[in-house]
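Raw start21.txt, compact mmCIF, C-alpha atoms:
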```txt
# COMPACT_ATOMS: atom_id res chain seq x y z
CA MET Z 1 54.65 -124.91 298.29
CA LEU Z 2 51.95 -122.25 298.42
CA ARG Z 3 48.37 -123.45 298.70
CA PHE Z 4 45.08 -122.29 300.15
CA PHE Z 5 41.74 -123.77 301.14
CA THR Z 6 38.35 -122.35 302.03
CA SER Z 7 35.62 -123.67 304.30
CA GLY Z 8 32.16 -122.64 305.39
CA GLU Z 9 28.62 -122.57 304.08
CA SER Z 10 26.62 -119.75 302.52
CA HIS Z 11 24.40 -119.32 305.58
CA GLY Z 12 26.71 -120.88 308.15
CA PRO Z 13 28.30 -118.85 310.94
CA GLN Z 14 31.47 -117.99 309.02
CA LEU Z 15 33.72 -118.49 306.02
CA THR Z 16 37.38 -119.33 306.54
CA ALA Z 17 40.42 -119.12 304.26
CA PHE Z 18 43.58 -121.01 305.21
CA ILE Z 19 46.89 -120.13 303.50
CA GLU Z 20 50.01 -122.27 303.81
CA GLY Z 21 53.45 -121.53 302.39
CA MET Z 22 53.63 -117.73 302.54
CA PRO Z 23 57.18 -116.57 303.37
CA ALA Z 24 57.93 -114.77 306.61
CA GLY Z 25 58.42 -111.02 306.69
CA LEU Z 26 55.67 -109.90 304.31
CA MET Z 27 53.91 -106.79 305.60
CA ILE Z 28 50.13 -107.32 305.51
CA ASN Z 29 47.89 -104.26 305.45
CA PRO Z 30 44.43 -105.22 306.82
CA GLY Z 31 42.99 -102.12 305.18
CA GLU Z 32 44.01 -103.45 301.76
CA VAL Z 33 42.35 -106.77 302.55
CA GLN Z 34 39.15 -104.95 303.48
CA LYS Z 35 39.36 -102.86 300.32
CA GLU Z 36 39.31 -106.02 298.21
CA MET Z 37 36.30 -107.31 300.13
CA GLN Z 38 34.45 -104.06 299.48
CA ARG Z 39 35.26 -104.27 295.76
CA ARG Z 40 33.53 -107.65 295.69
CA LYS Z 41 30.33 -106.06 297.06
CA ILE Z 42 29.88 -103.08 294.75
CA GLY Z 43 28.50 -102.85 291.23
CA SER Z 44 25.27 -103.07 289.27
CA GLY Z 45 23.12 -106.19 289.20
CA ASN Z 46 23.76 -107.22 292.80
CA GLY Z 47 21.25 -108.86 295.13
CA ALA Z 48 20.04 -108.20 298.67
CA ARG Z 49 22.80 -110.27 300.32
CA GLN Z 50 25.33 -107.53 299.62
CA ASN Z 51 23.32 -105.15 301.82
CA ILE Z 52 23.39 -107.58 304.75
CA GLU Z 53 27.03 -108.62 304.86
CA THR Z 54 29.84 -106.32 305.98
CA ASP Z 55 32.48 -108.93 305.03
CA GLU Z 56 34.91 -107.83 307.71
CA VAL Z 57 38.01 -110.04 307.69
CA GLU Z 58 39.75 -111.10 310.89
CA ILE Z 59 43.29 -112.45 310.63
CA VAL Z 60 43.53 -115.01 313.43
CA SER Z 61 46.88 -116.71 312.73
CA GLY Z 62 50.11 -116.41 310.78
CA VAL Z 63 50.57 -112.65 311.15
CA ARG Z 64 52.16 -110.86 314.10
CA GLN Z 65 52.74 -107.13 314.40
CA GLY Z 66 51.70 -106.73 310.78
CA LYS Z 67 54.12 -109.27 309.27
CA THR Z 68 53.72 -112.86 308.17
CA LEU Z 69 55.46 -115.48 310.33
CA GLY Z 70 55.90 -118.20 307.70
CA SER Z 71 53.26 -120.26 309.53
CA PRO Z 72 49.70 -120.88 308.23
CA ILE Z 73 47.54 -117.77 307.83
CA THR Z 74 43.87 -118.03 308.79
CA LEU Z 75 41.30 -115.46 307.65
CA VAL Z 76 37.76 -115.46 309.08
CA ILE Z 77 34.65 -113.75 307.67
CA LYS Z 78 31.52 -113.82 309.82
CA ASN Z 79 28.21 -114.32 307.98
CA LYS Z 80 25.79 -111.68 309.29
CA ASP Z 81 22.93 -113.47 307.52
CA PHE Z 82 23.50 -116.58 309.66
CA THR Z 83 21.09 -115.34 312.34
CA ASN Z 84 18.28 -115.16 309.75
CA TRP Z 85 18.61 -118.87 308.92
CA THR Z 86 18.26 -120.57 312.29
CA GLU Z 87 15.07 -122.36 311.18
CA PRO Z 88 15.47 -125.21 308.63
CA LYS Z 89 14.54 -124.12 305.09
CA GLU Z 90 14.32 -127.23 302.93
CA MET Z 91 14.87 -127.04 299.18
CA ARG Z 92 13.45 -129.73 296.87
CA SER Z 93 13.22 -128.39 293.29
CA PRO Z 94 16.67 -128.20 291.65
CA ARG Z 95 17.61 -125.16 289.59
CA PRO Z 96 18.74 -125.89 286.00
CA GLY Z 97 22.36 -124.80 285.60
CA HIS Z 98 23.22 -125.16 289.30
CA ALA Z 99 24.95 -127.95 291.23
CA ASP Z 100 21.68 -128.74 293.05
CA LEU Z 101 20.59 -131.98 291.38
CA ALA Z 102 23.98 -133.51 290.52
CA GLY Z 103 25.24 -132.70 294.03
CA ALA Z 104 22.21 -134.27 295.69
CA GLN Z 105 22.59 -137.42 293.59
CA LYS Z 106 26.31 -137.63 294.33
CA TYR Z 107 26.01 -137.23 298.12
CA ASN Z 108 22.59 -138.89 298.54
CA PHE Z 109 20.80 -135.79 299.85
CA THR Z 110 17.04 -135.31 299.87
CA ASP Z 111 17.38 -131.62 300.79
CA LEU Z 112 19.08 -129.63 298.02
CA ARG Z 113 20.10 -126.95 300.51
CA ASN Z 114 22.91 -129.28 301.63
CA VAL Z 115 24.39 -128.71 298.16
CA LEU Z 116 23.53 -125.03 297.81
CA GLU Z 117 25.19 -124.08 301.09
CA ARG Z 118 28.65 -125.02 299.84
CA ALA Z 119 28.25 -124.66 296.07
CA SER Z 120 27.04 -121.06 296.48
CA ALA Z 121 29.17 -118.22 295.17
CA ARG Z 122 29.20 -116.86 298.72
CA GLU Z 123 32.33 -119.06 299.02
CA THR Z 124 34.19 -116.58 296.83
CA ALA Z 125 34.31 -114.10 299.70
CA ALA Z 126 36.93 -116.36 301.28
CA ARG Z 127 38.84 -116.54 297.99
CA VAL Z 128 38.93 -112.76 297.74
CA ALA Z 129 40.24 -112.47 301.30
CA ALA Z 130 43.05 -114.91 300.48
CA GLY Z 131 43.62 -113.16 297.16
CA ALA Z 132 44.17 -109.88 298.98
CA VAL Z 133 47.14 -111.50 300.73
CA PHE Z 134 48.49 -112.90 297.46
CA LYS Z 135 48.18 -109.51 295.78
CA GLN Z 136 50.13 -107.81 298.58
CA PHE Z 137 52.81 -110.49 298.21
CA LEU Z 138 53.06 -109.84 294.46
CA GLN Z 139 53.11 -106.07 294.94
CA ALA Z 140 56.19 -106.48 297.13
CA LEU Z 141 57.84 -108.04 294.06
CA GLY Z 142 56.69 -105.33 291.65
CA ILE Z 143 53.82 -107.40 290.17
CA GLU Z 144 50.31 -105.94 289.81
CA VAL Z 145 47.00 -107.61 288.95
CA ALA Z 146 43.82 -105.82 287.82
CA SER Z 147 40.71 -106.45 285.73
CA TYR Z 148 37.83 -104.79 283.90
CA THR Z 149 34.52 -105.81 282.33
CA LEU Z 150 34.84 -106.66 278.66
CA GLN Z 151 31.24 -107.73 278.06
CA ILE Z 152 27.86 -108.08 279.80
CA GLY Z 153 25.26 -110.03 277.88
CA SER Z 154 25.30 -108.80 274.29
CA VAL Z 155 26.98 -105.48 275.14
CA ALA Z 156 30.75 -105.45 274.60
CA SER Z 157 33.23 -102.78 275.63
CA ASP Z 158 36.40 -101.87 273.77
CA LYS Z 159 39.45 -103.92 274.74
CA ALA Z 160 42.03 -102.27 276.94
CA SER Z 161 45.38 -101.53 275.31
CA THR Z 162 47.27 -100.43 278.45
CA PHE Z 163 47.36 -101.49 282.08
CA GLU Z 164 46.41 -97.97 283.12
CA GLU Z 165 43.12 -98.33 281.23
CA VAL Z 166 42.47 -101.59 283.08
CA LYS Z 167 43.16 -100.05 286.49
CA ASN Z 168 41.13 -96.91 285.82
CA ALA Z 169 37.98 -98.67 284.59
CA GLU Z 170 36.65 -99.28 288.10
CA GLU Z 171 37.04 -95.65 289.13
CA LYS Z 172 35.54 -94.28 285.90
CA ASN Z 173 32.53 -96.61 285.80
CA PRO Z 174 32.09 -98.33 289.20
CA GLY Z 175 28.70 -99.77 288.29
CA THR Z 176 29.94 -102.00 285.46
CA ARG Z 177 33.76 -101.58 285.54
CA ALA Z 178 33.83 -101.10 281.76
CA PHE Z 179 36.35 -98.41 280.79
CA ASN Z 180 34.31 -97.35 277.75
CA GLU Z 181 31.64 -94.77 278.72
CA ALA Z 182 29.13 -95.70 276.02
CA SER Z 183 29.43 -99.40 276.86
CA ASP Z 184 28.94 -98.62 280.55
CA GLN Z 185 25.62 -96.91 279.87
CA ALA Z 186 24.44 -99.70 277.56
CA MET Z 187 25.40 -102.33 280.14
CA GLU Z 188 23.54 -100.48 282.90
CA ALA Z 189 20.43 -100.30 280.72
CA LEU Z 190 20.63 -104.00 279.89
CA ILE Z 191 21.01 -104.96 283.56
CA ALA Z 192 17.97 -102.83 284.48
CA GLU Z 193 15.89 -104.40 281.69
CA THR Z 194 16.97 -107.90 282.69
CA ARG Z 195 16.07 -107.26 286.34
CA LYS Z 196 12.62 -106.09 285.23
CA ASN Z 197 12.22 -109.29 283.18
CA GLN Z 198 13.28 -111.42 286.19
CA ASP Z 199 16.13 -112.91 284.18
CA THR Z 200 19.93 -113.05 284.57
CA LEU Z 201 23.03 -112.11 282.57
CA GLY Z 202 26.53 -113.47 282.05
CA GLY Z 203 29.57 -111.82 280.50
CA VAL Z 204 33.33 -111.63 280.14
CA ILE Z 205 36.07 -110.35 282.46
CA GLU Z 206 39.59 -109.51 281.26
CA VAL Z 207 42.40 -109.83 283.83
CA TRP Z 208 45.87 -108.32 283.37
CA ALA Z 209 49.06 -108.93 285.35
CA VAL Z 210 52.16 -106.81 284.74
CA GLY Z 211 55.72 -106.91 286.10
CA LEU Z 212 56.04 -110.70 285.76
CA PRO Z 213 59.56 -111.98 285.22
CA VAL Z 214 60.34 -114.23 282.27
CA GLY Z 215 60.28 -117.93 283.14
CA LEU Z 216 57.39 -118.53 285.52
CA GLY Z 217 55.82 -121.91 284.80
CA SER Z 218 57.47 -124.67 282.77
CA TYR Z 219 57.12 -126.55 279.50
CA VAL Z 220 58.74 -129.76 280.80
CA GLN Z 221 55.59 -131.37 282.25
CA TRP Z 222 51.88 -130.91 281.54
CA ASP Z 223 50.86 -129.93 285.07
CA ARG Z 224 53.60 -127.30 285.38
CA LYS Z 225 52.40 -125.23 282.41
CA MET Z 226 51.17 -121.94 283.80
CA ASP Z 227 48.40 -121.51 281.24
CA GLY Z 228 46.93 -124.86 282.32
CA GLN Z 229 47.13 -123.83 285.97
CA LEU Z 230 45.39 -120.53 285.25
CA ALA Z 231 42.63 -122.27 283.35
CA GLN Z 232 41.98 -124.70 286.22
CA ALA Z 233 41.99 -121.97 288.88
CA LEU Z 234 39.70 -119.64 286.96
CA MET Z 235 37.34 -122.38 285.77
CA SER Z 236 36.80 -123.30 289.42
CA ILE Z 237 34.98 -119.99 290.01
CA GLN Z 238 31.20 -120.40 290.19
CA SER Z 239 29.44 -119.77 286.84
CA VAL Z 240 32.67 -119.70 284.78
CA LYS Z 241 32.38 -121.80 281.62
CA ALA Z 242 35.46 -120.81 279.58
CA VAL Z 243 38.90 -119.25 279.95
CA GLU Z 244 40.92 -117.63 277.15
CA ILE Z 245 44.57 -116.56 277.21
CA GLY Z 246 45.69 -113.78 274.90
CA GLU Z 247 43.92 -113.77 271.53
CA GLY Z 248 43.15 -117.46 271.90
CA ILE Z 249 39.73 -117.50 270.23
CA GLU Z 250 40.42 -114.92 267.52
CA ALA Z 251 43.76 -116.61 266.77
CA THR Z 252 41.94 -119.71 265.54
CA GLN Z 253 40.53 -117.70 262.63
CA LYS Z 254 43.84 -116.21 261.39
CA PRO Z 255 47.04 -117.48 259.72
CA GLY Z 256 50.13 -117.83 261.90
CA SER Z 257 51.75 -114.79 260.30
CA LYS Z 258 48.96 -112.64 261.76
CA VAL Z 259 49.01 -114.27 265.21
CA HIS Z 260 52.52 -114.85 266.53
CA ASP Z 261 54.38 -111.95 268.16
CA PRO Z 262 57.59 -110.82 266.35
CA ILE Z 263 60.72 -110.74 268.54
CA ALA Z 264 63.32 -107.96 268.61
CA TYR Z 265 66.17 -106.97 270.90
CA ALA Z 266 66.49 -103.52 272.49
CA GLU Z 267 68.37 -103.73 275.81
CA GLY Z 268 66.47 -106.97 276.25
CA PHE Z 269 64.15 -109.19 274.23
CA VAL Z 270 60.87 -107.50 273.31
CA ARG Z 271 57.79 -108.33 271.23
CA SER Z 272 55.96 -105.88 268.99
CA SER Z 273 52.57 -107.39 269.90
CA ASN Z 274 51.13 -109.58 272.64
CA ASN Z 275 48.65 -111.94 271.01
CA ALA Z 276 50.08 -114.76 273.15
CA GLY Z 277 48.87 -112.96 276.27
CA GLY Z 278 52.25 -113.16 278.02
CA LEU Z 279 52.58 -116.96 277.90
CA GLU Z 280 54.43 -119.15 275.41
CA GLY Z 281 54.75 -122.89 275.94
CA GLY Z 282 53.28 -122.56 279.42
CA VAL Z 283 56.02 -120.07 280.44
CA THR Z 284 55.77 -116.30 281.02
CA ASN Z 285 57.67 -114.32 278.39
CA GLY Z 286 57.85 -110.92 280.12
CA GLU Z 287 54.86 -109.37 278.36
CA PRO Z 288 51.66 -108.55 280.29
CA LEU Z 289 49.63 -111.62 281.20
CA ILE Z 290 46.13 -111.26 279.70
CA VAL Z 291 43.35 -113.73 280.54
CA ARG Z 292 39.64 -113.60 279.71
CA VAL Z 293 37.08 -115.30 281.92
CA TYR Z 294 33.63 -116.18 280.56
CA HIS Z 295 30.66 -116.41 282.96
CA LYS Z 296 27.32 -117.97 282.12
CA PRO Z 297 24.15 -116.25 283.43
CA ILE Z 298 23.40 -116.98 287.09
CA ALA Z 299 21.31 -120.14 287.55
CA THR Z 300 18.75 -118.70 289.98
CA LEU Z 301 15.88 -117.14 288.01
CA TYR Z 302 13.09 -115.14 289.65
CA SER Z 303 10.87 -116.44 286.85
CA PRO Z 304 12.01 -120.06 287.31
CA LEU Z 305 12.46 -122.74 284.65
CA PRO Z 306 10.63 -126.09 284.80
CA SER Z 307 12.07 -128.63 287.24
CA VAL Z 308 11.05 -131.71 289.25
CA ASP Z 309 10.47 -132.26 292.97
CA ILE Z 310 13.41 -134.41 294.06
CA GLY Z 311 11.15 -136.46 296.35
CA THR Z 312 7.86 -136.91 294.49
CA LYS Z 313 9.41 -136.66 291.00
CA GLU Z 314 6.45 -134.48 290.01
CA PRO Z 315 6.92 -131.47 287.69
CA THR Z 316 7.36 -128.17 289.52
CA PRO Z 317 9.06 -124.80 288.94
CA ALA Z 318 12.66 -124.62 290.13
CA ASP Z 319 13.20 -123.18 293.59
CA ILE Z 320 13.95 -119.49 293.85
CA GLU Z 321 16.90 -118.38 295.97
CA ARG Z 322 17.96 -114.81 296.67
CA SER Z 323 20.52 -114.00 294.01
CA ASP Z 324 22.22 -111.39 291.84
CA ILE Z 325 20.90 -110.48 288.41
CA CYS Z 326 24.43 -110.10 287.03
CA VAL Z 327 27.66 -110.94 288.85
CA ILE Z 328 30.03 -109.60 286.18
CA PRO Z 329 30.76 -106.16 287.74
CA ARG Z 330 32.09 -107.96 290.84
CA ALA Z 331 33.43 -111.13 289.26
CA GLY Z 332 36.70 -109.54 288.19
CA VAL Z 333 37.80 -109.23 291.82
CA ILE Z 334 37.44 -113.01 292.21
CA SER Z 335 39.37 -113.67 289.01
CA GLU Z 336 42.11 -111.31 290.19
CA ALA Z 337 42.37 -113.32 293.42
CA MET Z 338 42.73 -116.65 291.61
CA THR Z 339 45.17 -115.21 289.06
CA ALA Z 340 47.28 -113.75 291.88
CA TYR Z 341 47.29 -117.16 293.56
CA VAL Z 342 48.63 -118.96 290.49
CA ILE Z 343 51.30 -116.31 289.91
CA ALA Z 344 52.35 -116.40 293.58
CA GLN Z 345 52.57 -120.21 293.46
CA ASN Z 346 54.90 -120.06 290.47
CA VAL Z 347 57.01 -117.25 291.93
CA LEU Z 348 57.63 -119.27 295.09
CA GLU Z 349 58.33 -122.45 293.14
CA LYS Z 350 60.96 -120.69 291.03
CA PHE Z 351 62.61 -118.38 293.57
CA GLY Z 352 61.93 -120.11 296.88
CA GLY Z 353 62.90 -118.56 300.18
CA ASP Z 354 61.45 -118.98 303.66
CA CYS Z 355 61.55 -115.22 304.18
CA MET Z 356 60.97 -112.23 301.92
CA GLU Z 357 64.59 -111.11 302.10
CA ASP Z 358 65.84 -114.39 300.60
CA LEU Z 359 63.15 -114.43 297.93
CA LEU Z 360 63.84 -110.85 296.87
CA ALA Z 361 67.57 -111.57 296.67
CA ASN Z 362 66.94 -114.63 294.50
CA LEU Z 363 64.63 -112.67 292.21
CA LYS Z 364 67.14 -109.83 291.84
CA SER Z 365 69.93 -112.26 290.94
CA TYR Z 366 67.77 -114.00 288.36
CA LYS Z 367 66.64 -110.73 286.74
CA GLY Z 368 70.30 -109.70 286.52
CA ARG Z 369 71.09 -112.88 284.60
CA VAL Z 370 68.21 -112.82 282.10
CA GLY Z 371 68.35 -109.05 281.60
```

In structure tokens, write the structure found in this file.
Amino acid sequence: MLRFFTSGESHGPQLTAFIEGMPAGLMINPGEVQKEMQRRKIGSGNGARQNIETDEVEIVSGVRQGKTLGSPITLVIKNKDFTNWTEPKEMRSPRPGHADLAGAQKYNFTDLRNVLERASARETAARVAAGAVFKQFLQALGIEVASYTLQIGSVASDKASTFEEVKNAEEKNPGTRAFNEASDQAMEALIAETRKNQDTLGGVIEVWAVGLPVGLGSYVQWDRKMDGQLAQALMSIQSVKAVEIGEGIEATQKPGSKVHDPIAYAEGFVRSSNNAGGLEGGVTNGEPLIVRVYHKPIATLYSPLPSVDIGTKEPTPADIERSDICVIPRAGVISEAMTAYVIAQNVLEKFGGDCMEDLLANLKSYKGRVG
């Protein structure tokens, strides 16, 4: 069983990702891990923290001479900003839209920073480090995961129609990661205006995965459906409020004849469209997996909303914490990591194997049977 955990606080000494269940014999390229970490840092709308952290990842267990051992993998990311937070900095006015108040009530804190330190999106750096390992695992099986920005605020880009468009968006427009040039410029202008107004923006990420075999996931039990697993994993990302698979939202407005994907046979079963987003009945059908992830605007506002002092109960503006204006240009990297995790989980559940050689043999045999 593949699983991973993260630990660490936003301004603590380090973040740690712990992976258990990765087969032995997978070649891990540290440069590819670092590349993913850098992708999480770049893009328009970022805050000052990105200029402080180098996000260098150290692999301290589970890998020897470049290959996984089958034992737990530990990834460590030092927080450079830790040295700037040696003096206590109490926080008392909860930010609307953040975990501050509910977390303090749940754990009986009088200092909201005890909540912020773990609830912060800084935690996603550890997810991306783990995701870099999952992506390398999937690449060894011929599976690729990528994403692009579909919308920032009110500005929407065209939808990608090919995986090449998805992959090329980041190189064409690194600031927003929208593959449409006009949308990129409009998004940049909106981010600049929003920064000037001391406000924040949300948006939509679209994630694609290609090369998936038919039959990942299962319809036989509710918690084995892959669409449910994807929704849970992606909804766990900070500021995500909705997840859509395929044409899920648009499909509600159309008759079934305009939604479901016709099936044909041409040296294998094929579909003439992919409105289902690669999943039917909780099971992959061989088409590209397409998932959309919806982020609300970031909760920290530089022109803060009304709040209440958690101690005195008196009205006060919400606390201001250093933050991004818009996380969307970087958020796709986090969604890719979580999508890769769910796919890797299901691959290992279906094909097993304590080492890569056994897993690859099992996958080859299965593909030969289903065609």

With a distance cut-off of 8 Å and only C-alpha atoms, select the neighbouring residues of Z:Ala48, excluding the residue or stretch itself and same-chain residues fewer than 5 positions from it, and output the selection as a ChimeraX atom specification. /Z:322-324

Please report the interatomic distance between atom CA of Z:Val308 and atom CA of Z:His98 in Å with one decimal.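 Spanning atom CA of Z:Val308 to atom CA of Z:His98 is a straight-line distance of 13.8 Å.
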
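For the set Z:Ala299, Z:Ala156, Z:Gly217, Z:Ser7, the residue with the smallest atom-to-atom gap to Z:Leu348 is Z:Gly217, counting all atoms listed in the file.
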
Separation of atom CA of Z:Glu321 from atom CA of Z:Arg292, in Å and rounded to one decimal: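 Going from atom CA of Z:Glu321 over to atom CA of Z:Arg292 covers 28.4 Å.
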
Which residue gives the smallest distance to Z:Glu170 among Z:Leu69, Z:Met338, Z:Ile310, Z:Val333, with all atoms listed in the file counted? Z:Val333

6 Å contact set for stretch 143-146 of chain Z, all atoms listed in the file, chain neighbours under 4 positions out, as number ranges by chain: Z: 138-139, 167, 207-212

Would you mind exporting the chosen residues as a PDB file, in the frame of the given file, restricted to C-alpha atoms?
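So the final result, stored in result-v7.pdb, reads:
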```pdb
ATOM      1  CA  LEU Z 138      53.060-109.840 294.460  1.00  0.00           C
ATOM      2  CA  GLN Z 139      53.110-106.070 294.940  1.00  0.00           C
ATOM      3  CA  LYS Z 167      43.160-100.050 286.490  1.00  0.00           C
ATOM      4  CA  VAL Z 207      42.400-109.830 283.830  1.00  0.00           C
ATOM      5  CA  TRP Z 208      45.870-108.320 283.370  1.00  0.00           C
ATOM      6  CA  ALA Z 209      49.060-108.930 285.350  1.00  0.00           C
ATOM      7  CA  VAL Z 210      52.160-106.810 284.740  1.00  0.00           C
ATOM      8  CA  GLY Z 211      55.720-106.910 286.100  1.00  0.00           C
ATOM      9  CA  LEU Z 212      56.040-110.700 285.760  1.00  0.00           C
TER      10      LEU Z 212
END
```

Which distance in Å separates atom CA of Z:Asn79 and atom CA of Z:Arg49, to one decimal? 10.2 Å

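Closest approach to Z:Ser44 among Z:Arg195, Z:Arg224, Z:Lys367, Z:Arg271: Z:Arg195, based on only C-alpha atoms.
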
Fewer than 3 positions away in the same chain doesn't count, so skip those; otherwise give me all residues within 8 Å of Z:Gly153, counting only C-alpha atoms, as a PyMOL selection string. chain Z and resi 156+190+201-203

Grab the residues selected above and save them as a short mmCIF file (atom, residue, chain, number, x, y, z; two decimals), keeping the file's coordinate frame with C-alpha atoms.
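Writing the result to selection.cif gives the following:
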```
data_model
loop_
_atom_site.label_atom_id
_atom_site.label_comp_id
_atom_site.auth_asym_id
_atom_site.auth_seq_id
_atom_site.Cartn_x
_atom_site.Cartn_y
_atom_site.Cartn_z
CA ALA Z 156 30.75 -105.45 274.60
CA LEU Z 190 20.63 -104.00 279.89
CA LEU Z 201 23.03 -112.11 282.57
CA GLY Z 202 26.53 -113.47 282.05
CA GLY Z 203 29.57 -111.82 280.50
#
```

Out of Z:Ser93, Z:Gln38, Z:Thr68, Z:Asn168, which residue has the shortest atom-to-atom distance to Z:Gln50 when counting all atoms listed in the file?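 Of all the options, Z:Gln38 lies closest to Z:Gln50.
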
Taking 3 positions as the minimum chain separation for residues in the same chain, which residues sit within 9 Å of Z:Phe269 when counting all atoms listed in the file? Answer as a list in words.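 The residues that qualify are Ile263, Ala264, Tyr265, Ala266, Gly286 and Gly371 of chain Z.
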
Using all atoms listed in the file, determine which residues lie at most 7 Å from Z:Ala126, disregarding the query and same-chain residues fewer than 2 positions distant; provide the list as a tab-separated table (two decimals) with C-alpha atoms, keeping the file's coordinate frame.
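Output file result-v3.tsv follows:
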```
chain	number	residue	atom	x	y	z
Z	6	THR	CA	38.35	-122.35	302.03
Z	15	LEU	CA	33.72	-118.49	306.02
Z	16	THR	CA	37.38	-119.33	306.54
Z	17	ALA	CA	40.42	-119.12	304.26
Z	123	GLU	CA	32.33	-119.06	299.02
Z	124	THR	CA	34.19	-116.58	296.83
Z	128	VAL	CA	38.93	-112.76	297.74
Z	129	ALA	CA	40.24	-112.47	301.30
Z	130	ALA	CA	43.05	-114.91	300.48
```

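Closest approach to Z:Pro304 among Z:Gly175, Z:Gly268, Z:Gly353, Z:Pro96 is made by Z:Pro96 (distances from all atoms listed in the file).
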
Residue nearest Z:Glu20 - candidates Z:Ser272, Z:Ser239, Z:Ser61, Z:Asn51, atoms counted: only C-alpha atoms: Z:Ser61

Distance table requested - stretch 104-156 of chain Z against stretch 22-37 of chain Z, cut-off 10 Å, all atoms listed in the file: one row per qualifying residue with the closest atom pair and its distance in Å to one decimal, ordered by chain and rising residue number, as CSV.
```
residue,atom,partner,partner_atom,distance
Z:Ala125,CA,Z:Met37,CA,7.1
Z:Ala126,CA,Z:Met37,CA,9.1
Z:Arg127,CA,Z:Met37,CA,9.8
Z:Val128,CA,Z:Met37,CA,6.5
Z:Ala129,CA,Z:Val33,CA,6.2
Z:Ala130,CA,Z:Val33,CA,8.4
Z:Gly131,CA,Z:Glu36,CA,8.4
Z:Ala132,CA,Z:Val33,CA,5.1
Z:Val133,CA,Z:Val33,CA,7.0
Z:Phe134,CA,Z:Met22,CA,8.7
Z:Lys135,CA,Z:Val33,CA,9.3
Z:Gln136,CA,Z:Ile28,CA,6.9
Z:Phe137,CA,Z:Leu26,CA,6.8
Z:Ala140,CA,Z:Leu26,CA,8.0
```

The selected residues should be written to file as an mmCIF file, keeping the file's coordinate frame (atoms: C-alpha atoms).
```cif
data_model
loop_
_atom_site.group_PDB
_atom_site.id
_atom_site.type_symbol
_atom_site.label_atom_id
_atom_site.label_comp_id
_atom_site.auth_asym_id
_atom_site.auth_seq_id
_atom_site.Cartn_x
_atom_site.Cartn_y
_atom_site.Cartn_z
ATOM 1 C CA ALA Z 125 34.310 -114.100 299.700
ATOM 2 C CA ALA Z 126 36.930 -116.360 301.280
ATOM 3 C CA ARG Z 127 38.840 -116.540 297.990
ATOM 4 C CA VAL Z 128 38.930 -112.760 297.740
ATOM 5 C CA ALA Z 129 40.240 -112.470 301.300
ATOM 6 C CA ALA Z 130 43.050 -114.910 300.480
ATOM 7 C CA GLY Z 131 43.620 -113.160 297.160
ATOM 8 C CA ALA Z 132 44.170 -109.880 298.980
ATOM 9 C CA VAL Z 133 47.140 -111.500 300.730
ATOM 10 C CA PHE Z 134 48.490 -112.900 297.460
ATOM 11 C CA LYS Z 135 48.180 -109.510 295.780
ATOM 12 C CA GLN Z 136 50.130 -107.810 298.580
ATOM 13 C CA PHE Z 137 52.810 -110.490 298.210
ATOM 14 C CA ALA Z 140 56.190 -106.480 297.130
#
```

Dump stretch 62-72 of chain Z with N, CA and C atoms to a file, as an mmCIF file, in the first residue's frame.
```cif
data_model
loop_
_atom_site.group_PDB
_atom_site.id
_atom_site.type_symbol
_atom_site.label_atom_id
_atom_site.label_comp_id
_atom_site.auth_asym_id
_atom_site.auth_seq_id
_atom_site.Cartn_x
_atom_site.Cartn_y
_atom_site.Cartn_z
ATOM 1 N N GLY Z 62 15.702 5.719 2.132
ATOM 2 C CA GLY Z 62 14.918 4.998 1.141
ATOM 3 C C GLY Z 62 15.493 4.959 -0.257
ATOM 4 N N VAL Z 63 16.584 5.680 -0.486
ATOM 5 C CA VAL Z 63 17.216 5.709 -1.807
ATOM 6 C C VAL Z 63 18.716 5.517 -1.624
ATOM 7 N N ARG Z 64 19.282 4.592 -2.383
ATOM 8 C CA ARG Z 64 20.726 4.341 -2.319
ATOM 9 C C ARG Z 64 21.263 4.210 -3.725
ATOM 10 N N GLN Z 65 22.327 4.939 -4.000
ATOM 11 C CA GLN Z 65 22.947 4.946 -5.325
ATOM 12 C C GLN Z 65 21.920 5.236 -6.413
ATOM 13 N N GLY Z 66 20.997 6.141 -6.090
ATOM 14 C CA GLY Z 66 20.035 6.622 -7.076
ATOM 15 C C GLY Z 66 18.780 5.797 -7.232
ATOM 16 N N LYS Z 67 18.678 4.654 -6.518
ATOM 17 C CA LYS Z 67 17.507 3.784 -6.683
ATOM 18 C C LYS Z 67 16.786 3.568 -5.359
ATOM 19 N N THR Z 68 15.473 3.455 -5.454
ATOM 20 C CA THR Z 68 14.679 3.173 -4.256
ATOM 21 C C THR Z 68 14.991 1.777 -3.728
ATOM 22 N N LEU Z 69 14.881 1.631 -2.397
ATOM 23 C CA LEU Z 69 15.210 0.368 -1.729
ATOM 24 C C LEU Z 69 13.980 -0.430 -1.337
ATOM 25 N N GLY Z 70 12.781 0.152 -1.529
ATOM 26 C CA GLY Z 70 11.567 -0.496 -1.046
ATOM 27 C C GLY Z 70 11.243 -0.122 0.392
ATOM 28 N N SER Z 71 12.164 0.542 1.056
ATOM 29 C CA SER Z 71 11.960 1.015 2.432
ATOM 30 C C SER Z 71 11.430 2.448 2.391
ATOM 31 N N PRO Z 72 10.966 2.992 3.539
ATOM 32 C CA PRO Z 72 10.405 4.345 3.546
ATOM 33 C C PRO Z 72 11.382 5.393 3.019
#
```
